[in-house]
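Chemist: entry-v3.txt (compact mmCIF, C-alpha atoms) pasted underneath:
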```txt
# COMPACT_ATOMS: atom_id res chain seq x y z
CA MET T 1 11.73 0.52 -74.74
CA ASN T 2 11.91 -2.47 -72.36
CA ILE T 3 8.93 -3.63 -70.28
CA ALA T 4 10.24 -2.16 -67.00
CA THR T 5 10.61 1.27 -68.64
CA LEU T 6 7.17 0.95 -70.21
CA LYS T 7 5.70 0.11 -66.79
CA GLU T 8 7.36 3.17 -65.24
CA TRP T 9 5.88 5.35 -67.98
CA ALA T 10 2.43 3.78 -67.64
CA GLU T 11 2.39 4.35 -63.86
CA LYS T 12 2.34 8.09 -64.54
CA LEU T 13 -0.74 7.87 -66.76
CA ILE T 14 -2.91 5.01 -65.51
CA PRO T 15 -4.54 4.82 -62.04
CA ARG T 16 -2.77 2.17 -59.99
CA LYS T 17 -5.80 -0.06 -59.52
CA TYR T 18 -6.12 -0.41 -63.31
CA LEU T 19 -2.41 -0.66 -64.13
CA ARG T 20 -1.98 -4.41 -63.78
CA VAL T 21 -5.05 -5.18 -65.88
CA ALA T 22 -3.96 -2.67 -68.52
CA GLY T 23 -0.49 -4.22 -68.70
CA MET T 24 -1.92 -7.71 -68.87
CA TYR T 25 -4.18 -6.95 -71.80
CA PHE T 26 -1.46 -4.98 -73.55
CA LEU T 27 0.66 -8.14 -73.59
CA ARG T 28 -2.22 -10.49 -74.34
CA VAL T 29 -2.99 -8.82 -77.66
CA GLN T 30 0.58 -9.75 -78.62
CA TYR T 31 0.09 -13.41 -77.64
CA PRO T 32 0.42 -14.75 -81.22
CA LEU T 33 3.95 -13.30 -81.32
CA HIS T 34 4.97 -15.21 -78.19
CA LYS T 35 3.06 -18.48 -78.57
CA GLY T 36 5.23 -21.60 -78.62
CA ASP T 37 6.14 -24.77 -76.73
CA ASN T 38 9.50 -24.00 -75.16
CA VAL T 39 8.25 -22.76 -71.77
CA LYS T 40 5.05 -23.03 -69.73
CA CYS T 41 3.67 -20.78 -67.01
CA PRO T 42 2.17 -22.93 -64.23
CA CYS T 43 0.02 -20.00 -63.07
CA CYS T 44 -1.99 -19.55 -66.29
CA GLN T 45 -1.03 -22.81 -68.08
CA HIS T 46 -0.08 -20.96 -71.29
CA LYS T 47 2.97 -21.95 -73.33
CA PHE T 48 5.38 -19.62 -75.10
CA LYS T 49 8.55 -19.43 -77.14
CA LYS T 50 10.13 -17.82 -74.10
CA PHE T 51 9.35 -15.74 -71.04
CA LEU T 52 10.00 -12.03 -71.47
CA THR T 53 12.86 -9.95 -70.13
CA TYR T 54 11.88 -7.84 -67.13
CA GLY T 55 13.26 -5.91 -64.17
CA VAL T 56 15.21 -2.79 -63.28
CA LYS T 57 18.26 -4.95 -63.85
CA ALA T 58 16.90 -6.80 -66.87
CA ARG T 59 16.40 -10.52 -66.27
CA ALA T 60 15.92 -12.75 -69.30
CA GLY T 61 13.12 -15.29 -68.99
CA ALA T 62 11.33 -13.46 -66.19
CA LEU T 63 7.82 -12.35 -67.20
CA CYS T 64 4.88 -14.44 -68.38
CA PRO T 65 3.35 -12.70 -71.44
CA TRP T 66 -0.16 -13.79 -70.45
CA CYS T 67 -0.65 -13.43 -66.68
CA LEU T 68 2.47 -11.36 -65.79
CA ALA T 69 3.77 -13.99 -63.39
CA LEU T 70 7.45 -13.63 -62.51
CA GLU T 71 9.91 -16.30 -61.42
CA ARG T 72 8.90 -16.02 -57.76
CA HIS T 73 5.20 -16.39 -58.61
CA ARG T 74 5.74 -19.49 -60.71
CA LEU T 75 7.88 -20.98 -57.93
CA LEU T 76 5.30 -20.34 -55.21
CA TRP T 77 2.44 -21.57 -57.41
CA LYS T 78 4.08 -24.95 -58.00
CA TYR T 79 5.22 -25.28 -54.39
CA LEU T 80 1.73 -24.68 -53.01
CA GLU T 81 0.32 -27.28 -55.40
CA ASP T 82 3.01 -29.90 -54.91
CA LYS T 83 4.12 -29.57 -51.30
CA THR T 84 1.25 -28.18 -49.21
CA ASP T 85 -2.36 -28.99 -48.30
CA ILE T 86 -3.62 -25.49 -49.08
CA TYR T 87 -6.08 -26.73 -51.72
CA THR T 88 -7.32 -29.80 -49.87
CA LYS T 89 -7.71 -28.84 -46.19
CA GLU T 90 -10.05 -26.33 -44.60
CA LEU T 91 -7.78 -23.38 -43.85
CA SER T 92 -7.89 -19.69 -43.03
CA VAL T 93 -5.35 -17.87 -45.21
CA LEU T 94 -3.91 -14.37 -44.82
CA HIS T 95 -2.21 -13.05 -47.94
CA PHE T 96 -0.05 -9.91 -47.94
CA ALA T 97 0.34 -7.74 -51.06
CA PRO T 98 -1.85 -10.15 -53.04
CA GLU T 99 -0.62 -11.18 -56.45
CA HIS T 100 -3.67 -11.26 -58.71
CA GLN T 101 -3.06 -14.84 -59.91
CA PHE T 102 -3.07 -16.17 -56.35
CA GLN T 103 -5.88 -13.96 -55.08
CA GLU T 104 -8.25 -15.14 -57.80
CA ARG T 105 -7.51 -18.80 -57.20
CA LEU T 106 -7.46 -18.70 -53.40
CA LYS T 107 -10.67 -16.66 -53.16
CA ALA T 108 -12.40 -19.21 -55.38
CA ALA T 109 -11.19 -22.25 -53.41
CA LYS T 110 -14.12 -23.62 -51.43
CA ASN T 111 -11.91 -25.05 -48.68
CA ILE T 112 -10.23 -21.70 -47.91
CA THR T 113 -11.38 -18.74 -45.84
CA TYR T 114 -9.32 -16.11 -47.61
CA LEU T 115 -8.28 -12.59 -46.66
CA SER T 116 -5.77 -10.33 -48.40
CA CYS T 117 -4.28 -7.14 -47.02
CA ASP T 118 -1.72 -4.46 -47.73
CA LEU T 119 -0.97 -0.90 -46.68
CA ASP T 120 -1.11 0.58 -50.19
CA MET T 121 -2.16 -2.03 -52.75
CA PRO T 122 -5.64 -1.14 -54.08
CA THR T 123 -6.55 -4.73 -54.96
CA ALA T 124 -6.10 -5.96 -51.37
CA MET T 125 -9.30 -6.70 -49.47
CA GLU T 126 -8.22 -4.81 -46.33
CA LYS T 127 -5.74 -2.06 -45.51
CA GLN T 128 -3.24 -3.21 -42.88
CA ASP T 129 0.20 -2.17 -41.64
CA ILE T 130 2.22 -5.38 -41.33
CA THR T 131 3.95 -4.00 -38.23
CA LYS T 132 0.63 -3.17 -36.50
CA LEU T 133 -1.93 -5.76 -37.55
CA THR T 134 -5.43 -5.41 -36.13
CA TYR T 135 -6.12 -9.17 -36.20
CA SER T 136 -6.41 -11.22 -33.02
CA ASP T 137 -3.72 -13.59 -31.83
CA ASN T 138 -3.76 -17.06 -33.44
CA SER T 139 -6.15 -16.09 -36.25
CA PHE T 140 -4.78 -17.80 -39.40
CA ASP T 141 -3.69 -21.29 -40.41
CA VAL T 142 -1.55 -20.03 -43.30
CA ILE T 143 0.19 -16.76 -44.15
CA LEU T 144 1.59 -15.93 -47.59
CA CYS T 145 4.03 -13.02 -47.70
CA ASN T 146 5.94 -13.07 -50.98
CA HIS T 147 8.64 -10.40 -51.40
CA VAL T 148 7.22 -7.98 -48.83
CA LEU T 149 9.62 -7.89 -45.86
CA GLU T 150 12.42 -6.27 -47.87
CA HIS T 151 10.19 -3.16 -48.06
CA ILE T 152 9.63 -2.88 -44.29
CA PRO T 153 12.06 -0.78 -42.19
CA ASP T 154 11.11 -2.52 -38.92
CA ASP T 155 11.13 -6.08 -40.20
CA ALA T 156 11.60 -7.47 -36.69
CA LYS T 157 8.24 -6.02 -35.67
CA ALA T 158 6.64 -7.33 -38.87
CA MET T 159 7.94 -10.83 -38.17
CA GLN T 160 6.64 -10.65 -34.59
CA GLU T 161 3.21 -9.66 -35.87
CA LEU T 162 3.16 -12.49 -38.40
CA TYR T 163 4.04 -14.93 -35.63
CA ARG T 164 1.38 -13.47 -33.33
CA VAL T 165 -1.53 -13.84 -35.78
CA LEU T 166 -0.48 -17.30 -37.01
CA LYS T 167 -2.22 -20.18 -35.25
CA PRO T 168 -0.20 -22.76 -33.30
CA ASN T 169 0.90 -25.45 -35.79
CA GLY T 170 0.22 -22.98 -38.60
CA TRP T 171 2.70 -22.27 -41.38
CA ALA T 172 3.78 -19.33 -43.48
CA ILE T 173 5.86 -18.77 -46.59
CA LEU T 174 8.01 -15.65 -46.26
CA GLN T 175 9.92 -15.09 -49.50
CA THR T 176 12.36 -12.21 -50.02
CA PRO T 177 15.25 -11.32 -52.32
CA MET T 178 18.42 -12.97 -51.02
CA LEU T 179 22.17 -12.43 -51.09
CA ALA T 180 24.56 -15.37 -51.06
CA LYS T 181 26.27 -13.84 -48.02
CA PRO T 182 26.13 -14.42 -44.27
CA LYS T 183 24.82 -10.98 -43.35
CA THR T 184 21.83 -8.97 -44.53
CA LEU T 185 22.70 -5.83 -46.47
CA GLU T 186 20.73 -2.93 -45.06
CA ASP T 187 21.13 0.74 -44.27
CA LEU T 188 18.01 2.56 -43.13
CA THR T 189 19.73 5.92 -43.54
CA ILE T 190 19.52 5.44 -47.31
CA THR T 191 16.25 7.14 -48.29
CA ASN T 192 16.98 8.42 -51.80
CA PRO T 193 15.10 6.18 -54.27
CA LYS T 194 17.93 6.13 -56.82
CA GLU T 195 20.46 5.17 -54.16
CA ARG T 196 18.15 2.47 -52.83
CA GLU T 197 17.82 1.12 -56.34
CA ARG T 198 21.60 1.06 -56.72
CA VAL T 199 22.27 -0.60 -53.36
CA PHE T 200 19.22 -2.84 -52.87
CA GLY T 201 18.08 -3.43 -56.45
CA GLN T 202 14.77 -1.56 -56.24
CA ASN T 203 13.88 1.98 -55.21
CA ASP T 204 11.41 0.90 -52.50
CA HIS T 205 13.59 -1.80 -50.92
CA VAL T 206 15.44 -1.16 -47.67
CA ARG T 207 17.52 -4.37 -47.52
CA ILE T 208 18.60 -7.57 -49.20
CA TYR T 209 18.58 -10.51 -46.80
CA GLY T 210 21.57 -12.74 -46.19
CA ASP T 211 21.79 -16.10 -44.44
CA ASP T 212 21.00 -14.39 -41.13
CA LYS T 213 17.39 -14.12 -42.25
CA ARG T 214 17.00 -17.46 -40.46
CA GLN T 215 18.13 -15.95 -37.15
CA ARG T 216 15.80 -12.97 -37.59
CA LEU T 217 12.82 -15.28 -38.09
CA GLU T 218 13.82 -17.52 -35.20
CA ALA T 219 14.10 -14.46 -32.96
CA ALA T 220 10.41 -13.80 -33.70
CA GLY T 221 9.59 -17.35 -32.54
CA PHE T 222 9.37 -19.25 -35.84
CA THR T 223 10.76 -22.65 -36.65
CA VAL T 224 12.45 -22.16 -40.03
CA LEU T 225 12.64 -24.74 -42.81
CA VAL T 226 14.53 -23.72 -45.95
CA ASP T 227 13.61 -25.92 -48.91
CA ASP T 228 15.77 -26.07 -52.06
CA TYR T 229 12.60 -27.05 -53.85
CA VAL T 230 13.58 -26.27 -57.44
CA LYS T 231 16.86 -28.16 -57.55
CA SER T 232 15.49 -31.03 -55.45
CA ASN T 233 12.38 -31.63 -57.55
CA PHE T 234 13.07 -30.54 -61.14
CA ILE T 235 15.70 -31.57 -63.67
CA PRO T 236 17.42 -28.63 -65.43
CA GLN T 237 15.16 -28.91 -68.48
CA LYS T 238 12.05 -28.60 -66.29
CA GLN T 239 13.58 -25.71 -64.34
CA GLN T 240 13.96 -23.85 -67.62
CA TYR T 241 10.54 -24.97 -68.88
CA TYR T 242 8.78 -23.37 -65.91
CA GLY T 243 11.08 -20.35 -65.82
CA PHE T 244 12.30 -20.82 -62.25
CA ASP T 245 15.09 -18.88 -60.59
CA THR T 246 17.17 -21.86 -59.51
CA SER T 247 18.81 -19.89 -56.70
CA GLU T 248 15.55 -19.10 -54.89
CA MET T 249 14.74 -21.31 -51.91
CA ILE T 250 11.36 -21.66 -50.24
CA TRP T 251 11.35 -20.08 -46.78
CA LEU T 252 8.73 -22.09 -44.92
CA VAL T 253 8.21 -21.17 -41.26
CA LYS T 254 6.04 -22.80 -38.61
CA LYS T 255 4.59 -21.89 -35.22
```
Go through the file and emit its structure as C-alpha cells.
Modeler:
Amino acid sequence: MNIATLKEWAEKLIPRKYLRVAGMYFLRVQYPLHKGDNVKCPCCQHKFKKFLTYGVKARAGALCPWCLALERHRLLWKYLEDKTDIYTKELSVLHFAPEHQFQERLKAAKNITYLSCDLDMPTAMEKQDITKLTYSDNSFDVILCNHVLEHIPDDAKAMQELYRVLKPNGWAILQTPMLAKPKTLEDLTITNPKERERVFGQNDHVRIYGDDKRQRLEAAGFTVLVDDYVKSNFIPQKQQYYGFDTSEMIWLVKK
C-alpha cells in the first residue's frame, strides 16, 4: 500500500483536524529506516536516504518522512529564506490553506503579524472564502497562497480579492500546478471526482494553469515576476539534495 492510498484510507477513520499529526507521527516512528545523508529537508532540517514516493500519480522523491513537506513546500521554504525579507521586516502576512510547517514558523516570528485562513481547513485561524474575503482593502503586506487557485472555480474573482486586500507595494506568492502549454486546461462542467482526477491530476482540482496564468493575474491588476529560482540558484546536486521539482517556478506578484 503506497502512502497516497494509506492517506485515503486514513481519511475515512481519523477526524480531519488530527489527520496530519497522525500521519506525521506514523512516519516519524519509522525514522531509523529512512535516516541517511543523501537528501535534506529545509523545512525540518532532517536528513534521509531519500524522500518518499507520494501522490495520486506517484512521484519519487516527493515526501519528507519527518515533517511531510512536499516539493512545493521545500521550494517555498528556501525561497522565503533566501529571496525575501519576510523574516527580517515588520510585516502583516495572510496565509491561505496554511501548511503546518509554515504556520508554526510564521506565527512564532516576532516581526510578523500573522493570519491564516481557509474555507474548510480546520487548522486555519479563520474561515474565509477566497472569492469573498471579509478583510478591508489594503490590509496585508504579504500573501502566501500555495497550490490553492487550482481548486477555485471563479479564480478571476479570487485573484481580484487577493489584489484588493494586498497593500500597495505589497507582494504575494501564488503557486499552482502548471502545464508547459500556452493555455490553461480547464472545464468547469467536469464535476465527477474521478474524471477531475483523470483530467486535472486531483479530484478536487478544476484546472491546470498554462502560460496564460500571467495574463489572468495581470487582469486582476498584479505585476507578475516569474522566477526560475531552482535552476538559477542551485546546481543539479543541490536540487536533488533538497528534493526540488526543477520545473516549478516561483510566481511572485506585486501591487
Chemist: Select, from T:Gln160, T:Thr84, T:Asn38, T:Gln101, the residue with the minimum atom-to-atom distance to Phe222 of chain T, counting only C-alpha atoms.
Modeler: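 Residue with the minimum atom-to-atom distance to Phe222 of chain T: T:Gln160.
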Chemist: Grab the atom CA of Gly221 of chain T to atom CA of Glu186 of chain T distance for me, in Å with one decimal place.
Modeler: 22.1 Å
Chemist: From the set T:Val165, T:Leu75, T:Leu70, T:Met159, which residue has the shortest atom-to-atom contact distance to Phe234 of chain T, counting all atoms listed in the file?
Modeler: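 The answer is T:Leu75, which sits nearest to Phe234 of chain T.
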Chemist: From the options T:Leu144, T:Ile250, T:Ile235, T:Leu162, which residue's atoms come nearest to Ala220 of chain T, counting only C-alpha atoms?
Modeler: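 Closest residue, counting only C-alpha atoms: T:Leu162.
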Chemist: Using all atoms listed in the file, find the one residue out of T:Arg74, T:Arg59, T:His205, T:Arg105 that sits nearest to Val39 of chain T.
Modeler: T:Arg74
Chemist: Taking into account only C-alpha atoms, which residue in the set T:Glu99, T:Glu150, T:Asp82, T:Asp120 is nearest to Gly201 of chain T?
Modeler: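 Distance minimum relative to Gly201 of chain T lands on T:Glu150.
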